[in-house]
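Note: the block below is start_21.csv and it holds CSV, C-alpha atoms.
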```csv
chain,number,residue,atom,x,y,z
A,478,MET,CA,-125.2,2.7,-18.3
A,479,ARG,CA,-122.7,0.7,-16.3
A,480,ARG,CA,-121.1,-0.5,-19.5
A,481,ASN,CA,-120.3,3.0,-20.8
A,482,THR,CA,-118.7,3.9,-17.4
A,483,PHE,CA,-116.4,0.9,-17.8
A,484,ARG,CA,-115.3,2.0,-21.3
A,485,PHE,CA,-114.6,5.5,-20.1
A,486,SER,CA,-112.6,4.4,-17.1
A,487,ARG,CA,-110.6,2.0,-19.2
A,488,TRP,CA,-109.3,4.8,-21.3
A,489,LEU,CA,-109.0,7.4,-18.5
A,490,ALA,CA,-105.8,5.9,-16.9
A,491,PRO,CA,-103.7,5.7,-20.1
A,492,LEU,CA,-104.8,9.2,-21.1
A,493,ALA,CA,-103.8,10.6,-17.7
A,494,VAL,CA,-100.4,8.9,-18.0
A,495,LEU,CA,-99.8,10.3,-21.4
A,496,ALA,CA,-100.8,13.8,-20.2
A,497,LEU,CA,-98.3,13.7,-17.3
A,498,ALA,CA,-95.5,12.3,-19.6
A,499,ALA,CA,-96.1,15.2,-22.0
A,500,CYS,CA,-95.2,17.6,-19.2
A,501,ALA,CA,-91.6,16.3,-18.8
A,502,PRO,CA,-89.0,18.3,-20.8
A,503,ALA,CA,-87.0,16.4,-23.4
A,504,PRO,CA,-83.3,15.6,-22.8
A,505,ILE,CA,-81.0,18.6,-23.6
A,506,TYR,CA,-78.4,16.4,-25.4
A,507,LYS,CA,-79.0,13.7,-27.9
A,508,PRO,CA,-77.5,10.4,-26.6
A,509,VAL,CA,-74.5,9.4,-28.7
A,510,PRO,CA,-74.6,5.9,-30.2
A,511,GLY,CA,-72.0,3.8,-28.4
A,512,ALA,CA,-71.8,6.2,-25.4
A,513,VAL,CA,-70.3,4.8,-22.2
A,514,ILE,CA,-72.9,4.1,-19.6
A,515,VAL,CA,-70.9,4.3,-16.5
A,516,THR,CA,-70.7,6.6,-13.4
A,517,PRO,CA,-67.7,8.8,-12.5
A,518,MET,CA,-67.2,6.6,-9.4
A,519,GLN,CA,-66.8,3.5,-11.6
A,520,VAL,CA,-64.3,5.3,-13.8
A,521,SER,CA,-62.3,6.6,-10.9
A,522,GLN,CA,-62.0,3.0,-9.5
A,523,THR,CA,-60.8,1.5,-12.7
A,524,PRO,CA,-59.7,4.4,-15.0
A,525,GLU,CA,-57.7,2.1,-17.3
A,526,ARG,CA,-60.9,0.4,-18.4
A,527,TYR,CA,-62.4,3.6,-19.7
A,528,THR,CA,-59.8,5.4,-21.7
A,529,SER,CA,-62.2,7.2,-24.1
A,530,GLY,CA,-65.9,7.2,-24.9
A,531,ASP,CA,-68.7,9.7,-25.0
A,532,VAL,CA,-70.5,10.5,-21.7
A,533,ILE,CA,-73.3,12.7,-20.5
A,534,TRP,CA,-72.8,13.4,-16.8
A,535,GLY,CA,-74.0,16.0,-14.4
A,536,GLY,CA,-73.9,17.2,-10.9
A,537,ARG,CA,-73.1,20.1,-8.6
A,538,ILE,CA,-70.2,22.5,-9.4
A,539,VAL,CA,-67.5,22.4,-6.7
A,540,GLN,CA,-65.0,24.8,-8.2
A,541,VAL,CA,-63.7,26.4,-11.4
A,542,THR,CA,-59.9,26.6,-12.1
A,543,ASN,CA,-58.7,28.8,-15.0
A,544,LEU,CA,-55.4,27.7,-16.5
A,545,SER,CA,-53.3,29.3,-19.2
A,546,ASP,CA,-55.0,27.6,-22.2
A,547,HIS,CA,-58.2,26.0,-20.7
A,548,SER,CA,-60.5,25.9,-17.7
A,549,GLU,CA,-61.4,23.0,-15.4
A,550,VAL,CA,-64.7,22.6,-13.6
A,551,GLU,CA,-64.7,20.1,-10.7
A,552,VAL,CA,-68.2,18.5,-10.3
A,553,LEU,CA,-69.7,16.3,-7.6
A,554,ALA,CA,-71.6,13.8,-9.8
A,555,TYR,CA,-75.3,13.0,-9.4
A,556,PRO,CA,-77.5,10.7,-11.5
A,557,LEU,CA,-79.5,12.4,-14.2
A,558,ASP,CA,-83.3,12.3,-14.7
A,559,SER,CA,-85.0,11.6,-18.0
A,560,SER,CA,-84.4,15.3,-19.0
A,561,GLN,CA,-80.7,15.0,-18.1
A,562,ARG,CA,-81.1,17.2,-15.0
A,563,PRO,CA,-78.9,16.2,-12.1
A,564,LYS,CA,-80.9,14.6,-9.2
A,565,ALA,CA,-79.3,16.6,-6.4
A,566,ASN,CA,-81.4,14.9,-3.7
A,567,ASP,CA,-79.8,11.6,-4.6
A,568,SER,CA,-76.4,10.3,-3.3
A,569,GLY,CA,-73.3,11.4,-5.1
A,570,ASN,CA,-71.6,9.2,-7.7
A,571,GLY,CA,-68.1,10.5,-7.2
A,572,ARG,CA,-66.4,13.5,-8.8
A,573,PHE,CA,-65.0,14.4,-12.2
A,574,ILE,CA,-63.2,17.3,-13.9
A,575,VAL,CA,-64.6,18.9,-17.0
A,576,ALA,CA,-61.9,20.5,-19.3
A,577,MET,CA,-63.2,23.4,-21.3
A,578,PRO,CA,-61.3,25.3,-24.0
A,579,GLY,CA,-60.4,28.9,-23.2
A,580,TYR,CA,-61.4,30.9,-20.2
A,581,VAL,CA,-64.6,30.1,-18.2
A,582,GLU,CA,-66.0,32.9,-16.2
A,583,PRO,CA,-66.5,31.5,-12.6
A,584,LEU,CA,-69.6,33.7,-12.2
A,585,ASP,CA,-71.2,31.8,-15.1
A,586,TYR,CA,-70.4,28.5,-13.4
A,587,PRO,CA,-70.9,29.3,-9.7
A,588,SER,CA,-70.1,26.8,-7.0
A,589,GLY,CA,-73.2,24.9,-5.9
A,590,SER,CA,-74.9,25.2,-9.3
A,591,LEU,CA,-76.1,22.1,-11.1
A,592,ILE,CA,-74.6,21.3,-14.5
A,593,THR,CA,-75.0,18.8,-17.2
A,594,VAL,CA,-72.0,18.1,-19.5
A,595,SER,CA,-71.7,16.2,-22.8
A,596,GLY,CA,-68.2,15.2,-23.8
A,597,LYS,CA,-65.5,12.6,-24.2
A,598,LEU,CA,-63.6,10.8,-21.5
A,599,ASN,CA,-60.0,11.8,-21.7
A,600,GLY,CA,-58.1,9.8,-19.0
A,601,SER,CA,-57.9,10.6,-15.3
A,602,ARG,CA,-55.8,12.5,-12.9
A,603,ALA,CA,-54.8,11.8,-9.3
A,604,GLY,CA,-55.8,14.6,-6.8
A,605,LYS,CA,-57.2,15.1,-3.4
A,606,VAL,CA,-60.7,15.7,-1.9
A,607,GLY,CA,-59.8,17.3,1.4
A,608,GLU,CA,-57.0,15.1,2.7
A,609,ALA,CA,-58.1,12.0,0.9
A,610,ASN,CA,-56.5,10.8,-2.3
A,611,TYR,CA,-58.9,10.6,-5.3
A,612,VAL,CA,-58.7,9.7,-9.0
A,613,PHE,CA,-60.7,12.2,-11.1
A,614,PRO,CA,-62.1,11.1,-14.4
A,615,LEU,CA,-61.4,13.9,-17.0
A,616,VAL,CA,-64.1,14.9,-19.5
A,617,SER,CA,-63.3,17.1,-22.5
A,618,ALA,CA,-66.5,19.0,-22.8
A,619,THR,CA,-68.3,19.4,-26.2
A,620,GLN,CA,-71.3,21.0,-24.5
A,621,SER,CA,-72.3,22.1,-21.0
A,622,HIS,CA,-75.4,23.5,-19.5
A,623,VAL,CA,-75.7,25.2,-16.1
A,624,TRP,CA,-79.3,24.8,-14.8
A,625,THR,CA,-81.4,27.7,-13.6
A,626,ARG,CA,-84.0,27.4,-10.8
A,627,LYS,CA,-86.8,27.8,-13.3
A,628,GLU,CA,-85.4,25.1,-15.6
A,629,LEU,CA,-85.1,22.7,-12.7
A,630,GLU,CA,-88.7,23.2,-11.7
A,631,GLN,CA,-90.1,22.8,-15.3
A,632,GLY,CA,-91.9,19.6,-15.9
A,633,ARG,CA,-92.1,18.7,-12.3
A,634,ASN,CA,-95.5,17.5,-11.1
A,635,ASN,CA,-97.0,20.3,-9.0
A,636,VAL,CA,-100.2,18.4,-8.4
A,637,SER,CA,-100.8,17.1,-4.9
A,638,PHE,CA,-103.7,15.4,-3.2
A,639,GLY,CA,-104.7,15.6,0.4
A,640,LEU,CA,-107.3,16.4,3.0
A,641,GLY,CA,-107.6,19.6,4.9
A,642,VAL,CA,-106.6,23.2,4.3
A,643,GLY,CA,-103.3,24.3,2.9
A,644,VAL,CA,-101.5,27.4,1.8
A,645,GLY,CA,-98.9,27.5,-1.0
A,646,ILE,CA,-96.5,30.3,-1.3
A,647,HIS,CA,-94.1,30.5,-4.2
```
If you convert what's in this file into structure tokens, what do you get?
Amino acid sequence: MRRNTFRFSRWLAPLAVLALAACAPAPIYKPVPGAVIVTPMQVSQTPERYTSGDVIWGGRIVQVTNLSDHSEVEVLAYPLDSSQRPKANDSGNGRFIVAMPGYVEPLDYPSGSLITVSGKLNGSRAGKVGEANYVFPLVSATQSHVWTRKELEQGRNNVSFGLGVGVGIH
């Protein structure tokens, strides 16, 4: 009897890990071969090193500026999780500007929302954050995704263990 219990427990842990991993959503953008693995902060410190290259970055929208032929979205960068969702509870990784063709409706890209962008580095621009000088990496967007609350909660582990009585309200 003891021997069967050992066999069962030996397979239980890997099966539990696989079941939890299956709950995580897949990344929204396919990684591009040869993509630049660098943070916006690193690019802003040495922009001449990163003149072009594909990136997938994300963060919190700071503001949208519509110009005559394109729109720019300023983003406070955060690291991305395995599903390419910005980890907003992490520390920021600098700022960057996303250039999008045409007019972008600011209500579709509200300040404070989380966004993931796939695009190509397209130089940098000096600007200001408050009174401080800052070099913003520029990304020409090929795709962008503004995350909804429901999407951000999908695939998160809602299981918790503890002792006592609790009430959960959603």
Out of A:Ala565, A:Val532, A:Val520, A:Ala512, which residue has the shortest atom-to-atom distance to Ser621 in chain A when counting all atoms listed in the file?
->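 So, comparing all the options, the nearest one is A:Val532.
When CA of Glu630 in chain A is paired with CA of Met577 in chain A, their separation reads 27.2 Å.
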Polymer residues at most 6 Å from range 540-542 of chain A, all atoms listed in the file, same-chain spacing of 2 or more positions, as a PDB file with C-alpha atoms, in the frame of the given file:
```pdb
ATOM      1  CA  ILE A 538     -70.200  22.500  -9.400  1.00  0.00           C
ATOM      2  CA  SER A 548     -60.500  25.900 -17.700  1.00  0.00           C
ATOM      3  CA  GLU A 549     -61.400  23.000 -15.400  1.00  0.00           C
ATOM      4  CA  VAL A 550     -64.700  22.600 -13.600  1.00  0.00           C
ATOM      5  CA  GLU A 551     -64.700  20.100 -10.700  1.00  0.00           C
ATOM      6  CA  PRO A 583     -66.500  31.500 -12.600  1.00  0.00           C
ATOM      7  CA  SER A 588     -70.100  26.800  -7.000  1.00  0.00           C
TER       8      SER A 588
END
```
When you draw a straight line from CA of Gly607 in chain A to CA of Val513 in chain A, how long is it in Å?
->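 Computed distance, CA of Gly607 in chain A to CA of Val513 in chain A, equals 28.7 Å.
Proximity of A:Lys507, A:Lys564, A:Arg537, A:Lys605 to Leu629 in chain A, computed with all atoms listed in the file, is greatest for A:Lys564.
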Between A:Gln519, A:Gly579, A:Thr619, A:Leu591, smallest distance to Tyr506 in chain A by all atoms listed in the file belongs to A:Thr619
Would you mind reading off the distance between CA of Ala554 in chain A and CA of Asp567 in chain A, one decimal, in Å?
-> 10.0 Å
Point out the residue among A:Ala609, A:Val581, A:Leu598, A:Val616 with the least atom-to-atom distance to Thr528 in chain A, counting all atoms listed in the file.
->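 Looking only at the distances to Thr528 in chain A, the closest residue turns out to be A:Leu598.
If you measure from each of A:Gln620, A:Gln631, A:Asn599, A:Asn610 to Ser529 in chain A using all atoms listed in the file, the closest one turns out to be A:Asn599.
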